[in-house]
$ cat data_5.cif   # mmCIF, C-alpha atoms
data_run
loop_
_atom_site.label_atom_id
_atom_site.label_comp_id
_atom_site.auth_asym_id
_atom_site.auth_seq_id
_atom_site.Cartn_x
_atom_site.Cartn_y
_atom_site.Cartn_z
CA MET Z 17 0.00 0.00 0.00
CA SER Z 18 1.39 3.38 -1.02
CA LYS Z 19 1.80 6.31 1.37
CA THR Z 20 -1.05 8.17 -0.34
CA GLN Z 21 -3.34 5.20 0.02
CA SER Z 22 -2.44 4.82 3.72
CA LEU Z 23 -3.17 8.49 4.38
CA THR Z 24 -6.42 8.23 2.43
CA LEU Z 25 -7.39 5.26 4.54
CA ILE Z 26 -6.75 7.32 7.68
CA MET Z 27 -9.05 9.96 6.18
CA VAL Z 28 -11.75 7.31 5.64
CA LEU Z 29 -11.42 6.28 9.29
CA ALA Z 30 -11.47 9.90 10.49
CA GLY Z 31 -14.64 10.50 8.44
CA PHE Z 32 -16.25 7.35 9.84
CA ILE Z 33 -15.40 8.18 13.48
CA GLY Z 34 -16.58 11.75 12.84
CA MET Z 35 -19.91 10.46 11.54
CA ILE Z 36 -20.43 8.36 14.69
CA ASP Z 37 -19.37 11.23 16.96
CA SER Z 38 -21.58 13.83 15.32
CA ALA Z 39 -24.57 11.48 14.96
CA TYR Z 40 -24.23 10.60 18.67
CA ILE Z 41 -24.45 14.28 19.63
CA GLY Z 42 -27.19 14.79 17.03
CA PHE Z 43 -29.34 11.98 18.45
CA ASN Z 44 -28.74 13.41 21.90
CA SER Z 45 -30.06 16.80 20.81
CA LEU Z 46 -33.26 15.06 19.74
CA GLY Z 47 -33.63 13.00 22.92
CA GLY Z 48 -31.98 15.18 25.52
CA THR Z 49 -30.39 12.44 27.66
CA LEU Z 50 -27.31 13.59 29.54
CA LEU Z 51 -24.17 12.32 27.87
CA PRO Z 52 -21.49 10.58 29.89
CA CYS Z 53 -18.63 13.04 29.91
CA GLY Z 54 -15.13 13.20 31.36
CA PRO Z 55 -14.76 14.63 34.88
CA ALA Z 56 -13.31 17.91 33.64
CA SER Z 57 -15.85 18.39 30.86
CA LYS Z 58 -19.19 20.10 30.80
CA CYS Z 59 -20.91 18.46 27.86
CA HIS Z 60 -24.38 19.36 29.03
CA GLU Z 61 -23.64 23.06 29.22
CA VAL Z 62 -21.94 23.16 25.83
CA LEU Z 63 -24.46 21.00 24.00
CA ASN Z 64 -27.42 22.86 25.44
CA SER Z 65 -26.04 26.33 24.86
CA SER Z 66 -27.51 28.62 22.24
CA TYR Z 67 -24.32 28.10 20.18
CA SER Z 68 -25.06 24.43 19.65
CA HIS Z 69 -27.87 25.04 17.19
CA VAL Z 70 -28.32 26.92 13.93
CA GLY Z 71 -32.00 27.70 13.97
CA ASN Z 72 -33.59 24.46 15.04
CA ILE Z 73 -30.84 22.26 13.68
CA SER Z 74 -28.08 20.95 15.90
CA ILE Z 75 -24.63 21.85 14.55
CA ALA Z 76 -23.80 18.17 15.03
CA TRP Z 77 -25.94 17.25 12.01
CA LEU Z 78 -24.03 19.76 9.87
CA GLY Z 79 -20.89 18.07 11.14
CA PHE Z 80 -22.33 14.73 10.10
CA LEU Z 81 -22.80 16.04 6.55
CA PHE Z 82 -19.19 17.24 6.53
CA TYR Z 83 -17.83 13.89 7.71
CA PHE Z 84 -20.03 12.10 5.19
CA ALA Z 85 -18.55 14.29 2.44
CA ILE Z 86 -15.05 13.49 3.69
CA SER Z 87 -15.83 9.77 3.73
CA THR Z 88 -17.26 10.06 0.21
CA SER Z 89 -14.23 11.80 -1.23
CA SER Z 90 -11.81 9.45 0.56
CA VAL Z 91 -13.57 6.30 -0.57
CA PHE Z 92 -13.76 7.58 -4.16
CA ARG Z 93 -10.08 8.51 -3.90
CA LEU Z 94 -9.26 4.96 -2.83
CA TRP Z 95 -11.21 3.74 -5.84
CA GLY Z 96 -8.97 5.80 -8.09
CA PHE Z 97 -10.83 9.06 -8.55
CA GLN Z 98 -7.76 11.26 -8.43
CA GLN Z 99 -9.47 14.61 -8.02
CA ALA Z 100 -11.87 13.58 -5.27
CA PHE Z 101 -10.11 15.62 -2.58
CA ARG Z 102 -10.38 18.82 -4.54
CA PHE Z 103 -14.07 18.92 -3.63
CA THR Z 104 -13.49 18.50 0.09
CA LEU Z 105 -10.44 20.71 0.44
CA VAL Z 106 -12.60 23.83 0.59
CA ALA Z 107 -15.06 22.08 2.93
CA SER Z 108 -12.16 21.16 5.23
CA LEU Z 109 -10.96 24.76 5.33
CA VAL Z 110 -14.47 25.97 6.19
CA ALA Z 111 -14.80 23.23 8.82
CA PHE Z 112 -11.48 24.28 10.32
CA LEU Z 113 -12.64 27.91 10.62
CA VAL Z 114 -15.96 26.84 12.18
CA THR Z 115 -14.11 24.54 14.58
CA THR Z 116 -11.76 27.34 15.63
CA TYR Z 117 -14.77 29.57 16.29
CA LEU Z 118 -16.48 26.83 18.34
CA LEU Z 119 -13.32 26.23 20.35
CA TYR Z 120 -13.17 29.96 21.06
CA ILE Z 121 -16.81 29.87 22.23
CA GLN Z 122 -16.08 26.94 24.54
CA ALA Z 123 -12.89 28.43 25.95
CA PHE Z 124 -13.84 32.07 26.44
CA ILE Z 125 -17.60 32.43 26.39
CA LEU Z 126 -19.00 29.23 27.87
CA GLN Z 127 -15.79 28.44 29.76
CA ALA Z 128 -16.73 24.82 29.38
CA PHE Z 129 -15.47 22.06 27.12
CA CYS Z 130 -17.19 19.00 25.77
CA ASP Z 131 -15.29 15.77 25.04
CA TYR Z 132 -17.27 15.00 21.91
CA CYS Z 133 -16.66 18.48 20.50
CA LEU Z 134 -12.94 18.21 21.24
CA LEU Z 135 -12.81 14.87 19.44
CA SER Z 136 -14.53 16.47 16.47
CA ALA Z 137 -12.09 19.40 16.55
CA PHE Z 138 -9.17 16.95 16.49
CA LEU Z 139 -10.68 15.07 13.54
CA VAL Z 140 -11.26 18.29 11.57
CA MET Z 141 -7.64 19.33 12.11
CA LEU Z 142 -6.41 15.88 11.14
CA ILE Z 143 -8.55 15.93 7.98
CA LEU Z 144 -7.33 19.38 6.98
CA GLY Z 145 -3.74 18.34 7.68
CA LEU Z 146 -4.12 15.27 5.48
CA HIS Z 147 -5.68 17.35 2.70
CA LEU Z 148 -2.76 19.77 2.78
CA PHE Z 149 -0.27 16.92 2.87
CA LEU Z 150 -1.85 15.14 -0.09
CA ARG Z 151 -1.98 18.37 -2.15
CA PRO Z 152 -5.11 17.63 -4.15
CA TRP Z 153 -4.62 20.81 -6.19
CA LYS Z 154 -1.59 19.21 -7.84
CA GLU Z 155 -3.34 16.04 -8.89
CA ASN Z 156 -4.52 15.64 -12.45
CA MET Q 9 -1.95 -0.10 -11.08
CA LEU Q 10 -5.14 0.97 -9.44
CA LYS Q 11 -4.79 4.47 -10.84
CA ALA Q 12 -4.24 3.17 -14.33
CA THR Q 13 -7.25 0.87 -14.18
CA SER Q 14 -9.47 3.64 -12.90
CA ARG Q 15 -8.31 6.06 -15.57
CA GLU Q 16 -9.10 3.46 -18.14
CA LYS Q 17 -12.54 3.03 -16.71
CA VAL Q 18 -13.18 6.77 -16.62
CA ARG Q 19 -12.00 7.11 -20.22
CA SER Q 20 -14.23 4.31 -21.38
CA MET Q 21 -17.13 5.83 -19.45
CA LYS Q 22 -16.57 9.15 -21.16
CA ARG Q 23 -16.51 7.47 -24.53
CA GLY Q 24 -19.67 5.64 -23.69
CA LYS Q 25 -18.17 2.36 -24.79
CA ASN Q 26 -19.27 0.30 -21.85
CA PRO Q 27 -22.14 1.74 -19.81
CA LYS Q 28 -22.17 -1.31 -17.54
CA ARG Q 29 -18.62 -0.51 -16.37
CA LYS Q 30 -19.69 3.00 -15.44
CA SER Q 31 -22.30 1.85 -12.99
CA ARG Q 32 -19.93 -0.76 -11.55
CA SER Q 33 -17.03 1.61 -10.95
CA VAL Q 34 -19.13 4.23 -9.19
CA GLY Q 35 -21.43 1.67 -7.65
CA LYS Q 36 -18.90 -0.06 -5.42
CA PRO Q 37 -17.68 3.03 -3.54
CA LEU Q 38 -21.27 4.20 -3.30
CA ILE Q 39 -22.31 0.94 -1.68
CA VAL Q 40 -19.38 1.20 0.75
CA LEU Q 41 -20.40 4.77 1.59
CA VAL Q 42 -24.05 3.99 2.17
CA LEU Q 43 -23.03 1.05 4.36
CA ALA Q 44 -20.57 3.24 6.29
CA ALA Q 45 -23.20 5.92 6.85
CA VAL Q 46 -25.78 3.33 7.96
CA VAL Q 47 -23.26 1.66 10.30
CA ALA Q 48 -22.20 5.07 11.72
CA LEU Q 49 -25.80 6.18 12.30
CA GLY Q 50 -26.71 2.77 13.70
CA THR Q 51 -23.74 2.75 16.09
CA ALA Q 52 -24.45 6.30 17.27
CA TYR Q 53 -28.13 5.51 17.77
CA TYR Q 54 -27.29 2.27 19.60
CA LEU Q 55 -24.81 4.02 21.92
CA GLN Q 56 -27.27 6.82 22.63
CA HIS Q 57 -30.12 4.36 23.18
CA GLU Q 58 -27.89 2.20 25.38
CA GLN Q 59 -27.07 5.25 27.51
CA ALA Q 60 -30.74 6.12 27.89
CA THR Q 61 -31.60 2.50 28.76
CA LYS Q 62 -28.82 2.37 31.36
CA SER Q 63 -30.25 5.47 33.01
CA ASP Q 64 -33.72 3.96 32.88
CA HIS Q 65 -32.50 0.71 34.42
CA SER Q 66 -30.57 2.40 37.16
CA GLU Q 67 -33.48 4.67 38.07
CA PRO Q 68 -36.59 3.15 36.49
CA SER Q 69 -39.20 4.62 38.73
CA THR Q 70 -39.24 7.21 41.43
CA LYS Q 71 -41.93 5.17 43.14
CA GLN Q 72 -39.85 2.04 43.62
CA LEU Q 73 -36.18 2.72 43.93
CA PRO Q 74 -34.29 3.33 47.14
CA ASN Q 75 -31.54 5.29 45.39
CA THR Q 76 -33.82 8.20 44.59
CA HIS Q 77 -32.84 9.42 48.06
CA PHE Q 78 -32.44 12.88 46.60
CA LEU Q 79 -36.23 12.99 46.32
CA THR Q 80 -37.12 11.58 49.72
CA ASN Q 81 -34.20 13.00 51.66
CA PRO Q 82 -33.11 15.83 49.44
CA ALA Q 83 -30.36 18.35 49.85
CA GLY Q 84 -30.87 21.86 48.58
CA TRP Q 85 -32.61 25.10 49.31
CA SER Q 86 -35.49 24.43 51.63
CA LYS Q 87 -38.29 26.32 53.30
CA GLY Q 88 -41.08 25.33 55.66
CA ASN Q 89 -40.28 22.98 58.49
CA SER Q 90 -36.80 21.54 57.96
CA ILE Q 91 -37.60 18.43 60.02
CA ALA Q 92 -41.07 17.79 58.59
CA LYS Q 93 -41.77 14.24 57.41
CA THR Q 94 -43.59 15.46 54.31
CA VAL Q 95 -41.19 16.69 51.66
CA LEU Q 96 -42.20 18.47 48.47
CA VAL Q 97 -39.43 18.70 45.85
CA GLU Q 98 -39.84 21.04 42.91
CA PHE Q 99 -37.67 20.92 39.80
CA GLY Q 100 -38.06 24.40 38.35
CA ASP Q 101 -36.77 26.86 35.79
CA PHE Q 102 -36.80 30.58 36.56
CA GLN Q 103 -37.64 31.47 32.97
CA CYS Q 104 -40.67 29.21 32.71
CA GLY Q 105 -44.06 30.86 33.01
CA ALA Q 106 -45.73 27.80 34.54
CA CYS Q 107 -42.98 27.70 37.19
CA ALA Q 108 -43.66 31.34 38.10
CA ALA Q 109 -47.34 30.53 38.56
CA ALA Q 110 -46.52 27.37 40.52
CA SER Q 111 -44.10 29.33 42.70
CA SER Q 112 -46.92 31.57 43.96
CA ARG Q 113 -49.10 28.52 44.66
CA VAL Q 114 -46.29 26.77 46.53
CA SER Q 115 -45.55 29.91 48.56
CA ARG Q 116 -49.19 30.21 49.67
CA ILE Q 117 -49.37 26.50 50.50
CA THR Q 118 -46.10 26.69 52.43
CA LYS Q 119 -47.41 29.60 54.49
CA LYS Q 120 -50.50 27.58 55.30
CA HIS Q 121 -48.94 24.15 55.95
CA GLY Q 122 -45.32 25.12 56.52
CA SER Q 123 -45.19 23.66 60.01
CA ARG Q 124 -45.75 20.15 58.62
CA LEU Q 125 -44.16 20.55 55.20
CA LYS Q 126 -40.64 20.93 53.91
CA VAL Q 127 -40.27 22.43 50.41
CA ILE Q 128 -37.11 21.94 48.36
CA PHE Q 129 -36.31 23.79 45.14
CA LYS Q 130 -34.04 22.11 42.61
CA GLN Q 131 -32.67 23.81 39.54
CA TYR Q 132 -33.76 22.51 36.18
CA PRO Q 133 -33.04 25.25 33.62
CA MET Q 134 -34.32 24.27 30.17
CA GLN Q 135 -31.64 26.11 28.25
CA LYS Q 136 -32.71 25.04 24.79
CA SER Q 137 -35.95 26.97 25.02
CA HIS Q 138 -35.04 29.46 27.76
CA GLY Q 139 -31.84 31.31 26.91
CA ASN Q 140 -31.50 33.15 30.23
CA SER Q 141 -32.57 30.28 32.47
CA MET Q 142 -29.06 29.08 33.32
CA LEU Q 143 -27.89 32.57 34.21
CA ALA Q 144 -30.97 33.07 36.36
CA ALA Q 145 -30.26 29.77 38.12
CA GLN Q 146 -26.69 30.94 38.72
CA ALA Q 147 -27.99 34.27 40.07
CA ALA Q 148 -30.25 32.47 42.54
CA GLU Q 149 -27.42 30.16 43.63
CA ALA Q 150 -25.03 33.12 43.92
CA ALA Q 151 -27.58 34.87 46.14
CA GLY Q 152 -27.82 31.60 48.06
CA GLN Q 153 -24.11 31.84 48.81
CA GLN Q 154 -25.07 34.93 50.83
CA LEU Q 155 -28.11 33.13 52.28
CA ARG Q 156 -30.63 35.02 50.16
CA PHE Q 157 -31.67 32.20 47.82
CA TRP Q 158 -35.41 32.39 48.45
CA GLU Q 159 -35.45 36.17 48.21
CA MET Q 160 -33.76 36.00 44.81
CA HIS Q 161 -36.00 33.05 43.84
CA ASP Q 162 -39.11 35.14 44.51
CA LEU Q 163 -37.70 38.22 42.81
CA LEU Q 164 -36.72 36.29 39.66
CA PHE Q 165 -40.18 34.81 39.33
CA GLU Q 166 -41.97 38.07 40.11
CA ARG Q 167 -39.99 39.99 37.49
CA GLN Q 168 -39.60 37.19 35.01
CA SER Q 169 -41.05 39.23 32.13
CA ASP Q 170 -38.41 41.96 32.68
CA TRP Q 171 -35.38 39.73 32.14
CA ALA Q 172 -36.60 36.64 30.29
CA GLU Q 173 -36.04 37.84 26.75
CA ILE Q 174 -33.31 40.46 27.06
CA PRO Q 175 -29.84 39.74 25.64
CA ASP Q 176 -27.92 40.89 28.69
CA ALA Q 177 -29.75 39.80 31.81
CA HIS Q 178 -26.61 40.20 33.96
CA THR Q 179 -27.25 43.90 34.43
CA LEU Q 180 -30.72 43.33 35.85
CA PHE Q 181 -29.52 40.49 38.08
CA PHE Q 182 -26.83 42.79 39.51
CA LYS Q 183 -29.59 45.32 40.28
CA TYR Q 184 -31.63 42.61 42.00
CA ALA Q 185 -28.55 41.71 44.03
CA GLU Q 186 -28.21 45.36 45.08
CA GLU Q 187 -31.89 45.44 45.95
CA LEU Q 188 -31.39 42.42 48.20
CA ARG Q 189 -28.38 44.17 49.71
CA LEU Q 190 -25.98 41.47 48.65
CA ASP Q 191 -22.27 42.05 48.51
CA PRO Q 192 -21.98 43.00 44.80
CA GLY Q 193 -18.38 41.85 44.39
CA ARG Q 194 -19.06 38.45 45.89
CA PHE Q 195 -22.29 38.08 43.92
CA LYS Q 196 -20.46 38.83 40.69
CA ARG Q 197 -17.76 36.26 41.53
CA ASP Q 198 -20.22 33.60 42.62
CA LEU Q 199 -22.34 34.08 39.52
CA ARG Q 200 -19.57 32.49 37.46
CA ASP Q 201 -18.18 30.28 40.17
CA ASN Q 202 -17.65 26.61 39.44
CA THR Q 203 -19.16 25.52 42.75
CA VAL Q 204 -22.39 27.28 41.81
CA ARG Q 205 -22.43 25.64 38.40
CA LYS Q 206 -21.67 22.22 39.86
CA LYS Q 207 -24.60 22.59 42.24
CA ILE Q 208 -26.91 23.39 39.31
CA TYR Q 209 -25.58 20.45 37.28
CA ARG Q 210 -26.08 18.13 40.22
CA ASP Q 211 -29.71 19.24 40.47
CA MET Q 212 -30.13 18.75 36.74
CA MET Q 213 -28.55 15.31 36.90
CA GLU Q 214 -30.93 14.37 39.68
CA GLY Q 215 -33.79 15.64 37.56
CA GLN Q 216 -32.62 13.47 34.68
CA LEU Q 217 -32.43 10.44 36.97
CA ALA Q 218 -35.91 11.20 38.26
CA GLN Q 219 -37.07 11.41 34.64
CA VAL Q 220 -38.03 15.05 34.72
CA HIS Q 221 -39.02 16.03 31.21
CA SER Q 222 -40.82 19.28 31.82
CA VAL Q 223 -40.94 22.04 34.38
CA PRO Q 224 -42.22 22.44 36.98
CA THR Q 225 -42.17 18.82 38.14
CA PHE Q 226 -43.13 18.03 41.71
CA PHE Q 227 -42.35 15.04 43.90
CA LEU Q 228 -44.15 14.54 47.17
CA ASN Q 229 -42.24 12.16 49.44
CA GLY Q 230 -40.44 10.79 46.39
CA LYS Q 231 -43.59 10.25 44.31
CA ARG Q 232 -44.32 12.37 41.30
CA ILE Q 233 -47.45 14.49 41.57
CA SER Q 234 -48.98 16.39 38.69
CA ASN Q 235 -48.70 20.15 38.63
CA SER Q 236 -52.36 20.94 38.87
CA ARG Q 237 -53.25 24.52 38.00
CA ASP Q 238 -56.15 24.27 40.36
CA GLU Q 239 -54.59 25.38 43.62
CA ALA Q 240 -57.20 23.65 45.76
CA GLU Q 241 -56.54 20.34 44.00
CA PHE Q 242 -52.76 20.75 44.34
CA GLU Q 243 -53.11 21.70 47.99
CA GLN Q 244 -55.34 18.68 48.60
CA LYS Q 245 -52.62 16.34 47.32
CA ILE Q 246 -50.16 17.89 49.75
CA VAL Q 247 -52.61 17.76 52.62
CA ASP Q 248 -53.24 14.06 51.83
CA GLY Q 249 -49.47 13.51 51.89
CA ILE Q 250 -49.17 15.26 55.27
CA ARG Q 251 -52.04 13.17 56.69
CA SER Q 252 -50.55 9.88 55.50
CA ASP Q 253 -47.25 10.79 57.13
CA GLN Q 254 -48.80 11.32 60.54
#
$ encode --input "data_5.cif" --output "structure tokens"
Amino acid sequence: MSKTQSLTLIMVLAGFIGMIDSAYIGFNSLGGTLLPCGPASKCHEVLNSSYSHVGNISIAWLGFLFYFAISTSSVFRLWGFQQAFRFTLVASLVAFLVTTYLLYIQAFILQAFCDYCLLSAFLVMLILGLHLFLRPWKEN
Amino acid sequence: MLKATSREKVRSMKRGKNPKRKSRSVGKPLIVLVLAAVVALGTAYYLQHEQATKSDHSEPSTKQLPNTHFLTNPAGWSKGNSIAKTVLVEFGDFQCGACAAASSRVSRITKKHGSRLKVIFKQYPMQKSHGNSMLAAQAAEAAGQQLRFWEMHDLLFERQSDWAEIPDAHTLFFKYAEELRLDPGRFKRDLRDNTVRKKIYRDMMEGQLAQVHSVPTFFLNGKRISNSRDEAEFEQKIVDGIRSDQ
């Protein structure tokens, strides 16, 4: 397996874990059960804050769409569609900016962090890093 | 090798030489993707459902379980007779209209039967629908740190319409603190203090365990009672509870 394929496989896994993570938070926003959270985290406060929704939609579901798009492009890339990552490069940059904003909200406004959001932030950074490393803009 | 094969496929698709190949080459990754999405959604739903079921199994009914001690022997802000056998626990939200109405009813009933009744208020801010409810809960708890919880509780409910929908409720809460002659510096500190927040989260966790889904929710001696708008009916339930405890 080539280096590119290995990194693409990591991207597939990141997308898959991201889908589970965001769907878990998304289902929670529909049901409202308290999530088990690390001792230092305040998931309930973060996930119930006014920043957790855009209109009536939980941000988690938007995250799910993003991770689904990442999984799509990665799987197609593995199947040989060379330019697949071009489509998600922009999405990854946008996701990175949104993640930075949400981290700012957690750190300075809510003063509370949520494990699931931190996992998502890590995945977004990993995905953007992999995109930049793979340089999709140079592929023909 | 893989790249070359795929390019070949794409070329042949473009030429329209073999339409069957086109559907096969796009079909496989699509099937993988749909499966991945279904598995991800299924796993997330299962984990979420499992969590809810665990909570249900650990605290299935407030009528049966001994570990709902926080309803029968609760800690928290109390009024009435602190050693009374009959205990009324309210899970409330300062921004909820029904809670404001219930608060007046409970106050009147406490005045009347306070010698044989202990009333406990537990925080249950519904932040999704009530944007200022958490801050109000913190204000009440911060006032509680200076032993003025019930005064702030009453003030917040009385003036609910003044602060409920404004973007910066802090300012009004500071004025209320001044009105109650609280130490403003300490109030400001306590409003954001972690101890205060932890206390609110503990109340909310207890509410979740007791399966509180709406506010106000009342428990009389650990058993849920409906929040009747008819004061006489509500009072009767409490009187019945007091009688059965004697």
$ residues_near_point --input "data_5.cif" --point "(-14.4, 7.3, 6.7)" --cutoff "12 Å" --atoms "all atoms listed in the file" --output "VMD selection string"
(chain Z and resid 23 to 36 80 82 to 94 139 143) or (chain Q and resid 37 40 to 45 47 to 48)
$ atom_distance --input "data_5.cif" --atom1 "CA of Cys107 (chain Q)" --atom2 "CA of Pro192 (chain Q)"
27.1 Å
$ resolve_selection --input "data_5.cif" --expression "the PyMOL selection byres ((chain Q and resi 199) around 7)" --output "ChimeraX atom specification"
/Q:146-147,150,195-198,200-201
$ write_last_selection --input "data_5.cif" --atoms "C-alpha atoms" --output "PDB file, in the frame of the given file"
ATOM      1  CA  GLN Q 146     -26.690  30.940  38.720  1.00  0.00           C
ATOM      2  CA  ALA Q 147     -27.990  34.270  40.070  1.00  0.00           C
ATOM      3  CA  ALA Q 150     -25.030  33.120  43.920  1.00  0.00           C
ATOM      4  CA  PHE Q 195     -22.290  38.080  43.920  1.00  0.00           C
ATOM      5  CA  LYS Q 196     -20.460  38.830  40.690  1.00  0.00           C
ATOM      6  CA  ARG Q 197     -17.760  36.260  41.530  1.00  0.00           C
ATOM      7  CA  ASP Q 198     -20.220  33.600  42.620  1.00  0.00           C
ATOM      8  CA  ARG Q 200     -19.570  32.490  37.460  1.00  0.00           C
ATOM      9  CA  ASP Q 201     -18.180  30.280  40.170  1.00  0.00           C
TER      10      ASP Q 201
END
$ resolve_selection --input "data_5.cif" --expression "the PyMOL selection byres ((chain Q and resi 229) around 12)" --output "PyMOL selection string"
chain Q and resi 70-72+76-82+92-98+125-128+226-228+230-233+245-246+248-250+252-253
$ atom_distance --input "data_5.cif" --atom1 "CA of Ala111 (chain Z)" --atom2 "CA of Cys130 (chain Z)"
17.6 Å
$ closest_residue --input "data_5.cif" --among "Z:Ser68, Z:Gly96, Z:Gly42, Z:Ser74" --to "chain Q" --atoms "only C-alpha atoms"
Z:Gly96
$ residues_around --input "data_5.cif" --residues "region 174-179 of chain Q" --least-positions-apart "4" --cutoff "12 Å" --atoms "only C-alpha atoms" --output "MDAnalysis selection string"
(chainID Z and resid 66) or (chainID Q and resid 103 138:147 164 167:170 183:186 192 195:196 199:200)
$ resolve_selection --input "data_5.cif" --expression "the PyMOL selection byres ((chain Z and resi 109) around 12)" --output "list of chain:residue names"
Z:Phe82, Z:Arg102, Z:Phe103, Z:Thr104, Z:Leu105, Z:Val106, Z:Ala107, Z:Ser108, Z:Val110, Z:Ala111, Z:Phe112, Z:Leu113, Z:Val114, Z:Thr115, Z:Thr116, Z:Val140, Z:Met141, Z:Leu142, Z:Ile143, Z:Leu144, Z:Gly145, Z:Leu146, Z:His147, Z:Leu148
$ axis_aligned_box --input "data_5.cif" --around "region 29-48 of chain Z" --padding-each-side "4 Å" --output "JSON"
{"center_x": -22.5, "center_y": 11.5, "center_z": 17.0, "size_x": 30.2, "size_y": 18.5, "size_z": 25.1}
$ atom_distance --input "data_5.cif" --atom1 "CA of Ile117 (chain Q)" --atom2 "CA of Ile208 (chain Q)"
25.3 Å
$ closest_residue --input "data_5.cif" --among "Q:Ala52, Q:Arg251, Q:Glu243, Q:Lys136" --to "Arg116 (chain Q)" --atoms "only C-alpha atoms"
Q:Glu243
$ closest_residue --input "data_5.cif" --among "Q:Glu166, Q:Asp101, Q:Glu214, Q:Glu159" --to "chain Z" --atoms "all atoms listed in the file"
Q:Glu214
$ residues_around --input "data_5.cif" --residues "Gln56 (chain Q)" --least-positions-apart "4" --cutoff "7 Å" --atoms "all atoms listed in the file" --output "PyMOL selection string"
(chain Z and resi 40+43-44) or (chain Q and resi 52+60)
$ residues_around --input "data_5.cif" --residues "Ala106 (chain Q)" --least-positions-apart "2" --cutoff "9 Å" --atoms "all atoms listed in the file" --output "mmCIF file with C-alpha atoms, in the frame of the given file"
data_model
loop_
_atom_site.group_PDB
_atom_site.id
_atom_site.type_symbol
_atom_site.label_atom_id
_atom_site.label_comp_id
_atom_site.auth_asym_id
_atom_site.auth_seq_id
_atom_site.Cartn_x
_atom_site.Cartn_y
_atom_site.Cartn_z
ATOM 1 C CA CYS Q 104 -40.670 29.210 32.710
ATOM 2 C CA ALA Q 108 -43.660 31.340 38.100
ATOM 3 C CA ALA Q 109 -47.340 30.530 38.560
ATOM 4 C CA ALA Q 110 -46.520 27.370 40.520
ATOM 5 C CA SER Q 111 -44.100 29.330 42.700
ATOM 6 C CA VAL Q 223 -40.940 22.040 34.380
ATOM 7 C CA PRO Q 224 -42.220 22.440 36.980
ATOM 8 C CA ARG Q 237 -53.250 24.520 38.000
#
$ closest_residue --input "data_5.cif" --among "Q:Leu180, Q:Ala172, Q:Leu217, Q:Leu155" --to "chain Z" --atoms "all atoms listed in the file"
Q:Leu217
$ decode --input "data_5.cif" --residues "region 122-133 of chain Z" --atoms "N, CA and C atoms" --output "PDB file, in the first residue's frame"
ATOM      1  N   GLN Z 122     -16.191  27.816  23.368  1.00  0.00           N
ATOM      2  CA  GLN Z 122     -16.078  26.939  24.539  1.00  0.00           C
ATOM      3  C   GLN Z 122     -15.083  27.504  25.558  1.00  0.00           C
ATOM      4  N   ALA Z 123     -13.959  27.992  25.041  1.00  0.00           N
ATOM      5  CA  ALA Z 123     -12.888  28.428  25.948  1.00  0.00           C
ATOM      6  C   ALA Z 123     -13.203  29.755  26.627  1.00  0.00           C
ATOM      7  N   PHE Z 124     -13.740  30.715  25.880  1.00  0.00           N
ATOM      8  CA  PHE Z 124     -13.844  32.069  26.436  1.00  0.00           C
ATOM      9  C   PHE Z 124     -15.260  32.518  26.765  1.00  0.00           C
ATOM     10  N   ILE Z 125     -16.244  31.959  26.100  1.00  0.00           N
ATOM     11  CA  ILE Z 125     -17.605  32.425  26.392  1.00  0.00           C
ATOM     12  C   ILE Z 125     -18.307  31.462  27.355  1.00  0.00           C
ATOM     13  N   LEU Z 126     -18.334  30.188  26.988  1.00  0.00           N
ATOM     14  CA  LEU Z 126     -19.001  29.226  27.870  1.00  0.00           C
ATOM     15  C   LEU Z 126     -18.091  28.809  29.025  1.00  0.00           C
ATOM     16  N   GLN Z 127     -16.790  28.926  28.789  1.00  0.00           N
ATOM     17  CA  GLN Z 127     -15.788  28.442  29.758  1.00  0.00           C
ATOM     18  C   GLN Z 127     -16.079  27.004  30.158  1.00  0.00           C
ATOM     19  N   ALA Z 128     -16.406  26.235  29.161  1.00  0.00           N
ATOM     20  CA  ALA Z 128     -16.727  24.818  29.375  1.00  0.00           C
ATOM     21  C   ALA Z 128     -16.393  24.058  28.103  1.00  0.00           C
ATOM     22  N   PHE Z 129     -15.819  22.873  28.287  1.00  0.00           N
ATOM     23  CA  PHE Z 129     -15.466  22.062  27.117  1.00  0.00           C
ATOM     24  C   PHE Z 129     -16.278  20.771  27.117  1.00  0.00           C
ATOM     25  N   CYS Z 130     -16.442  20.246  25.906  1.00  0.00           N
ATOM     26  CA  CYS Z 130     -17.189  19.003  25.770  1.00  0.00           C
ATOM     27  C   CYS Z 130     -16.298  18.001  25.043  1.00  0.00           C
ATOM     28  N   ASP Z 131     -16.180  16.799  25.610  1.00  0.00           N
ATOM     29  CA  ASP Z 131     -15.287  15.772  25.044  1.00  0.00           C
ATOM     30  C   ASP Z 131     -15.585  15.488  23.573  1.00  0.00           C
ATOM     31  N   TYR Z 132     -16.861  15.376  23.276  1.00  0.00           N
ATOM     32  CA  TYR Z 132     -17.275  14.997  21.911  1.00  0.00           C
ATOM     33  C   TYR Z 132     -16.908  16.101  20.906  1.00  0.00           C
ATOM     34  N   CYS Z 133     -17.003  17.358  21.372  1.00  0.00           N
ATOM     35  CA  CYS Z 133     -16.659  18.482  20.503  1.00  0.00           C
ATOM     36  C   CYS Z 133     -15.148  18.540  20.297  1.00  0.00           C
TER      37      CYS Z 133
END
